[in-house]
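Peer 1: Structure file protein_29.cif (mmCIF, C-alpha atoms) right here:
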data_structure
#
loop_
_atom_site.label_atom_id
_atom_site.label_comp_id
_atom_site.auth_asym_id
_atom_site.auth_seq_id
_atom_site.Cartn_x
_atom_site.Cartn_y
_atom_site.Cartn_z
CA MET F 1 167.47 112.51 121.09
CA ASP F 2 166.04 109.22 122.24
CA PRO F 3 162.93 108.18 120.30
CA SER F 4 159.73 109.05 122.14
CA TYR F 5 155.95 109.06 121.66
CA VAL F 6 155.08 110.80 124.92
CA ASP F 7 154.38 114.27 123.56
CA ILE F 8 152.09 113.25 120.70
CA ASN F 9 148.71 114.95 120.58
CA PHE F 10 146.02 112.84 118.94
CA ILE F 11 143.08 114.92 117.74
CA ASN F 12 139.87 112.99 117.15
CA LYS F 13 137.57 114.84 114.77
CA ASN F 14 135.14 111.93 114.42
CA SER F 15 132.20 112.20 116.81
CA SER F 16 130.94 108.65 116.19
CA ARG F 17 134.06 106.62 116.94
CA PRO F 18 137.45 106.82 118.69
CA TYR F 19 140.68 107.76 116.95
CA LEU F 20 142.31 104.45 116.03
CA ILE F 21 146.08 103.96 116.04
CA SER F 22 147.89 100.73 115.18
CA ASN F 23 151.30 99.67 116.48
CA MET F 24 153.32 96.75 115.09
CA ILE F 25 156.91 95.61 114.66
CA ILE F 26 158.37 93.86 111.64
CA SER F 27 161.73 92.35 110.78
CA SER F 28 163.87 93.90 108.05
CA ASP F 29 162.51 91.30 105.62
CA GLY F 30 158.94 92.37 106.37
CA ASN F 31 157.71 89.64 108.70
CA THR F 32 156.19 89.94 112.12
CA LEU F 33 156.72 87.49 114.95
CA PHE F 34 154.68 86.45 117.95
CA THR F 35 156.50 86.10 121.25
CA ASP F 36 156.30 82.52 122.48
CA GLY F 37 158.11 80.14 124.80
CA GLU F 38 161.12 79.90 122.52
CA SER F 39 161.42 83.53 121.48
CA SER F 40 161.71 86.97 123.02
CA GLY F 41 160.06 88.58 120.01
CA LEU F 42 161.54 91.18 117.70
CA GLY F 43 161.35 94.29 119.86
CA SER F 44 164.12 95.78 121.99
CA GLU F 45 163.63 97.43 125.37
CA ILE F 46 163.38 100.73 123.51
CA ASP F 47 160.53 99.41 121.35
CA LYS F 48 158.77 98.10 124.45
CA ARG F 49 159.12 101.51 126.07
CA LEU F 50 157.56 103.15 123.03
CA MET F 51 154.72 100.62 123.15
CA GLY F 52 154.02 101.79 126.69
CA GLU F 53 154.14 105.42 125.59
CA LEU F 54 151.44 104.74 122.99
CA ARG F 55 149.39 102.96 125.64
CA TYR F 56 149.75 106.09 127.76
CA HIS F 57 147.66 107.96 125.19
CA ALA F 58 145.04 105.22 124.77
CA ASP F 59 141.73 104.69 126.50
CA VAL F 60 141.48 101.10 125.22
CA VAL F 61 144.05 98.60 123.92
CA LEU F 62 142.66 96.06 121.45
CA ASN F 63 144.14 92.68 120.49
CA GLY F 64 143.10 89.63 118.54
CA ALA F 65 142.44 86.30 120.23
CA GLU F 66 145.50 84.61 118.71
CA THR F 67 147.78 87.23 120.22
CA LEU F 68 146.21 86.57 123.62
CA ARG F 69 146.53 82.81 123.25
CA ILE F 70 150.16 82.83 122.08
CA CYS F 71 151.84 85.62 123.99
CA GLY F 72 149.24 87.12 126.29
CA SER F 73 147.57 90.51 126.21
CA SER F 74 147.40 93.40 128.61
CA SER F 75 147.24 97.17 128.69
CA LEU F 76 149.86 97.69 131.37
CA ILE F 77 152.13 100.72 131.23
CA ARG F 78 155.50 99.91 132.78
CA SER F 79 156.57 103.52 133.35
CA GLU F 80 155.49 104.68 136.81
CA SER F 81 155.86 108.32 135.76
CA LEU F 82 153.44 107.84 132.86
CA VAL F 83 150.98 106.04 135.12
CA THR F 84 151.16 108.93 137.58
CA LYS F 85 150.67 111.42 134.76
CA ARG F 86 147.60 109.55 133.47
CA VAL F 87 146.04 109.53 136.92
CA SER F 88 146.75 113.24 137.42
CA ASN F 89 144.95 113.85 134.11
CA GLY F 90 141.84 112.11 135.42
CA LYS F 91 142.39 108.80 133.63
CA THR F 92 142.72 105.28 134.96
CA ALA F 93 146.27 104.11 135.67
CA HIS F 94 146.15 101.80 132.65
CA PRO F 95 143.87 101.66 129.61
CA ILE F 96 141.11 99.10 129.31
CA ALA F 97 142.37 95.87 127.71
CA SER F 98 140.13 94.27 125.08
CA VAL F 99 140.17 91.28 122.76
CA LEU F 100 138.14 90.17 119.74
CA THR F 101 137.35 86.46 119.44
CA ASN F 102 135.11 84.32 117.27
CA SER F 103 135.13 81.18 119.41
CA GLY F 104 135.58 82.55 122.91
CA LYS F 105 138.25 79.91 123.55
CA LEU F 106 140.63 82.00 125.61
CA PRO F 107 143.18 81.21 128.35
CA LEU F 108 141.31 82.27 131.47
CA ASP F 109 144.47 82.01 133.58
CA ASN F 110 146.13 84.75 131.52
CA ARG F 111 146.87 88.15 133.03
CA PHE F 112 144.21 89.60 130.73
CA PHE F 113 141.61 87.97 133.00
CA THR F 114 143.44 87.72 136.33
CA SER F 115 145.02 91.15 136.74
CA ASN F 116 143.35 93.67 139.03
CA GLU F 117 145.39 96.54 137.53
CA PHE F 118 143.14 97.09 134.52
CA ASP F 119 139.64 96.29 133.30
CA SER F 120 139.13 93.88 130.41
CA ILE F 121 136.50 93.53 127.69
CA VAL F 122 135.84 90.56 125.41
CA PHE F 123 134.20 91.17 122.04
CA LEU F 124 132.65 87.82 121.13
CA ASP F 125 130.91 86.69 117.95
CA HIS F 126 127.18 87.06 118.57
CA GLU F 127 126.57 83.49 117.33
CA ALA F 128 128.77 81.94 120.02
CA ASP F 129 127.17 79.60 122.52
CA SER F 130 125.32 81.44 125.28
CA ALA F 131 127.18 79.41 127.90
CA LYS F 132 130.42 80.89 126.61
CA PHE F 133 129.07 84.40 127.20
CA GLN F 134 127.98 83.55 130.73
CA ASN F 135 131.29 81.95 131.63
CA LEU F 136 133.43 84.80 130.31
CA LYS F 137 131.35 87.33 132.24
CA LYS F 138 132.78 85.84 135.44
CA TYR F 139 136.29 86.88 134.43
CA CYS F 140 136.06 90.34 132.86
CA LYS F 141 134.26 93.66 133.04
CA ASP F 142 132.21 93.26 129.87
CA VAL F 143 131.41 90.62 127.25
CA VAL F 144 130.00 92.19 124.11
CA PRO F 145 128.19 90.26 121.33
CA VAL F 146 129.54 91.45 117.97
CA PRO F 147 127.74 91.00 114.63
CA LYS F 148 129.73 89.56 111.74
CA HIS F 149 128.80 92.44 109.45
CA ASP F 150 130.79 95.67 109.99
CA ARG F 151 132.17 94.36 113.27
CA ALA F 152 135.13 96.77 113.26
CA VAL F 153 132.81 99.77 113.07
CA TYR F 154 130.54 98.22 115.70
CA ILE F 155 133.43 97.76 118.15
CA LEU F 156 134.68 101.31 117.78
CA GLU F 157 131.22 102.83 118.09
CA TYR F 158 130.52 100.67 121.16
CA LEU F 159 133.73 101.83 122.85
CA LYS F 160 132.85 105.44 122.09
CA LYS F 161 129.26 105.19 123.32
CA THR F 162 129.76 102.93 126.34
CA TYR F 163 133.21 103.93 127.57
CA ASP F 164 133.64 107.39 126.03
CA ALA F 165 136.87 106.17 124.42
CA SER F 166 138.70 108.85 122.49
CA VAL F 167 141.82 106.90 121.44
CA VAL F 168 141.99 103.15 120.81
CA LEU F 169 145.33 101.38 120.30
CA LEU F 170 145.30 98.30 118.07
CA GLU F 171 148.26 96.03 118.82
CA GLY F 172 147.52 93.14 116.46
CA GLY F 173 147.98 90.46 115.46
CA PRO F 174 147.77 90.41 111.67
CA SER F 175 144.21 89.04 111.41
CA ILE F 176 142.56 91.72 113.53
CA ASN F 177 144.73 94.35 111.84
CA GLY F 178 143.29 93.21 108.52
CA ILE F 179 139.71 93.68 109.74
CA PHE F 180 140.30 97.31 110.68
CA PHE F 181 142.53 98.20 107.73
CA GLU F 182 139.98 96.75 105.32
CA GLY F 183 137.41 99.10 106.78
CA GLY F 184 139.72 102.09 106.30
CA LEU F 185 139.48 102.72 110.03
CA ILE F 186 143.15 103.02 110.95
CA ASP F 187 143.87 106.70 111.48
CA GLU F 188 147.57 106.33 112.25
CA TYR F 189 149.97 103.44 111.75
CA PHE F 190 153.10 103.09 113.91
CA ILE F 191 155.62 100.55 112.67
CA THR F 192 158.97 99.55 114.13
CA ILE F 193 161.52 98.03 111.75
CA SER F 194 163.83 95.63 113.58
CA PRO F 195 167.41 95.03 112.36
CA GLN F 196 166.78 91.29 112.19
CA ILE F 197 165.99 88.84 109.42
CA PHE F 198 163.17 86.46 110.30
CA ILE F 199 162.36 84.00 107.54
CA PRO F 200 159.35 81.81 108.38
CA GLU F 201 158.17 78.92 106.23
CA PHE F 202 155.24 81.06 105.17
CA SER F 203 155.22 84.84 104.90
CA PHE F 204 153.82 86.36 108.07
CA THR F 205 153.19 90.04 107.53
CA SER F 206 151.73 92.52 110.01
CA ILE F 207 148.40 92.72 108.15
CA LYS F 208 146.46 89.66 107.03
CA PRO F 209 143.38 90.06 104.80
CA ASN F 210 140.10 89.03 106.35
CA LYS F 211 138.52 88.66 102.94
CA PHE F 212 140.37 88.85 99.65
CA GLU F 213 138.73 90.97 97.01
CA GLY F 214 141.79 91.98 95.02
CA ILE F 215 144.52 94.36 96.11
CA LEU F 216 143.52 96.79 98.85
CA HIS F 217 145.48 100.00 98.35
CA GLN F 218 145.64 102.67 101.03
CA LYS F 219 147.90 105.70 100.90
CA LEU F 220 149.69 106.88 104.01
CA ASP F 221 151.44 110.14 104.78
CA LEU F 222 154.73 109.91 106.66
CA ILE F 223 154.55 112.05 109.79
CA ALA F 224 157.74 111.17 111.64
CA VAL F 225 160.88 109.02 111.48
CA GLN F 226 162.91 108.21 114.58
CA SER F 227 165.77 105.78 115.09
CA SER F 228 167.92 104.27 117.78
CA LYS F 229 171.63 103.69 117.30
CA GLU F 230 171.56 101.53 120.42
CA SER F 231 168.99 99.03 119.12
CA GLY F 232 169.34 99.63 115.37
CA GLU F 233 165.56 100.04 115.08
CA ILE F 234 163.67 102.55 112.96
CA PHE F 235 160.36 103.92 114.22
CA LEU F 236 157.90 105.18 111.62
CA ARG F 237 154.64 107.06 112.12
CA TYR F 238 152.13 107.26 109.27
CA LYS F 239 148.72 108.87 108.93
CA ASN F 240 145.94 107.54 106.75
CA ARG F 241 145.61 110.11 103.98
CA ASN F 242 141.86 109.53 103.66
CA ASN F 243 141.01 110.04 107.34
#
Would you mind writing the file out in structure tokens?
Peer 2:
Amino acid sequence: MDPSYVDINFINKNSSRPYLISNMIISSDGNTLFTDGESSGLGSEIDKRLMGELRYHADVVLNGAETLRICGSSSLIRSESLVTKRVSNGKTAHPIASVLTNSGKLPLDNRFFTSNEFDSIVFLDHEADSAKFQNLKKYCKDVVPVPKHDRAVYILEYLKKTYDASVVLLEGGPSINGIFFEGGLIDEYFITISPQIFIPEFSFTSIKPNKFEGILHQKLDLIAVQSSKESGEIFLRYKNRNN
């Protein structure tokens, strides 16, 4: 059978925040890679399809600012059948797209701001210049001031309270992943292993610590393993044992 995430049922038992799932891809040597002008990234068409299938389940897709700046961010689902199915289930065609930024220095000509196919939210450090808040409000649905303390919890609770979000999909990059993993907030972790070796000058893993206070150890339970002979990729699904 072809790998698929369509028939997953996410059950959110937490009344105060959405169920949080994370999706990343790494090379066989454990590094991740941003897509840029000289690279098509690590993922195959199959991996991209699975990314869309996870977006199908999500109410909000969340990215870090560096991901937006380097390779763009959106919440678009490429499968017309999945879009139709979402709409028939009373959802918007595509999830809300959101980004977390400290500086607010974002490419305003990016699809994240210009597309009329989905709504976008910017979570901006509450100490940012007020002019930055006012300017960004011209380009997106919502600009939310975020405190430095417990900002991951704040974001999730805001999405639950304001947008009734049940499932949030975190798509990276490594820095924002670190913020949510450090808080023990990742409920499920989807990871694609690509049959490629990518050796950067400096190790570039899928999770980067936001603050280093020794080794952070979290145990995961393996829920499912899928693979593709066509692409050579392995698709793993883990659940946080403590959640």
Peer 1: Got a sec: who's within 8 Å of range 46-60 of chain F, counting all atoms listed in the file, leaving out chain neighbours fewer than 2 positions off, as a PyMOL selection string?
Peer 2: chain F and resi 3-6+23+43-44+62+75-79+82-83+86+94-98+165-169+192+231
Peer 1: Between CA of Pro18 in chain F and CA of Ile186 in chain F, what is the distance, to one decimal in Å?
Peer 2: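 So the two atoms, CA of Pro18 in chain F and CA of Ile186 in chain F, lie 10.3 Å apart.
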Peer 1: Can you tell me, as number ranges by chain, which residues sit within 9 Å of (142.8, 88.3, 123.8) in the file's frame, using all atoms listed in the file?
Peer 2: F: 62-69, 72-74, 97-101, 106-107, 112, 122
Peer 1: Identify all residues satisfying the PyMOL selection byres ((chain F and resi 176-181) around 9) in the given file; provide them as a ChimeraX atom specification.
Peer 2: /F:22,63-65,100,151-153,170-175,182-186,206-211,218
Peer 1: Rounded to one decimal in Å, what is the spacing between CA of Ser194 in chain F and CA of Ile25 in chain F?
Peer 2: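 That distance, rounded to one decimal, is 7.0 Å.
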Peer 1: What does the distance between CA of Lys148 in chain F and CA of Asp164 in chain F come to in Å, to one decimal place?
Peer 2: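 Here the two named atoms are 23.2 Å from each other.
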Peer 1: Using all atoms listed in the file, collect all residues at a distance of at most 12 Å from (143.2, 108.4, 105.4) as written in the file, then present them as a PyMOL selection string.
Peer 2: chain F and resi 19-21+181+183-189+217-222+238-243
Peer 1: For the PyMOL selection byres ((chain F and resi 128) around 12), applied here, can you spell out every residue it catches as JSON, numbers by chain?
Peer 2: {"F": [101, 102, 103, 104, 105, 123, 124, 125, 126, 127, 129, 130, 131, 132, 133, 134, 135, 136, 143, 144, 145, 146, 147, 148]}
Peer 1: Here is a test: counting only C-alpha atoms, which residue of F:Ser16, F:Asn89, F:Asn116, F:Gln196 is nearest to Thr32 in chain F?
Peer 2: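 Ranked by minimum distance to Thr32 in chain F, first place goes to F:Gln196.
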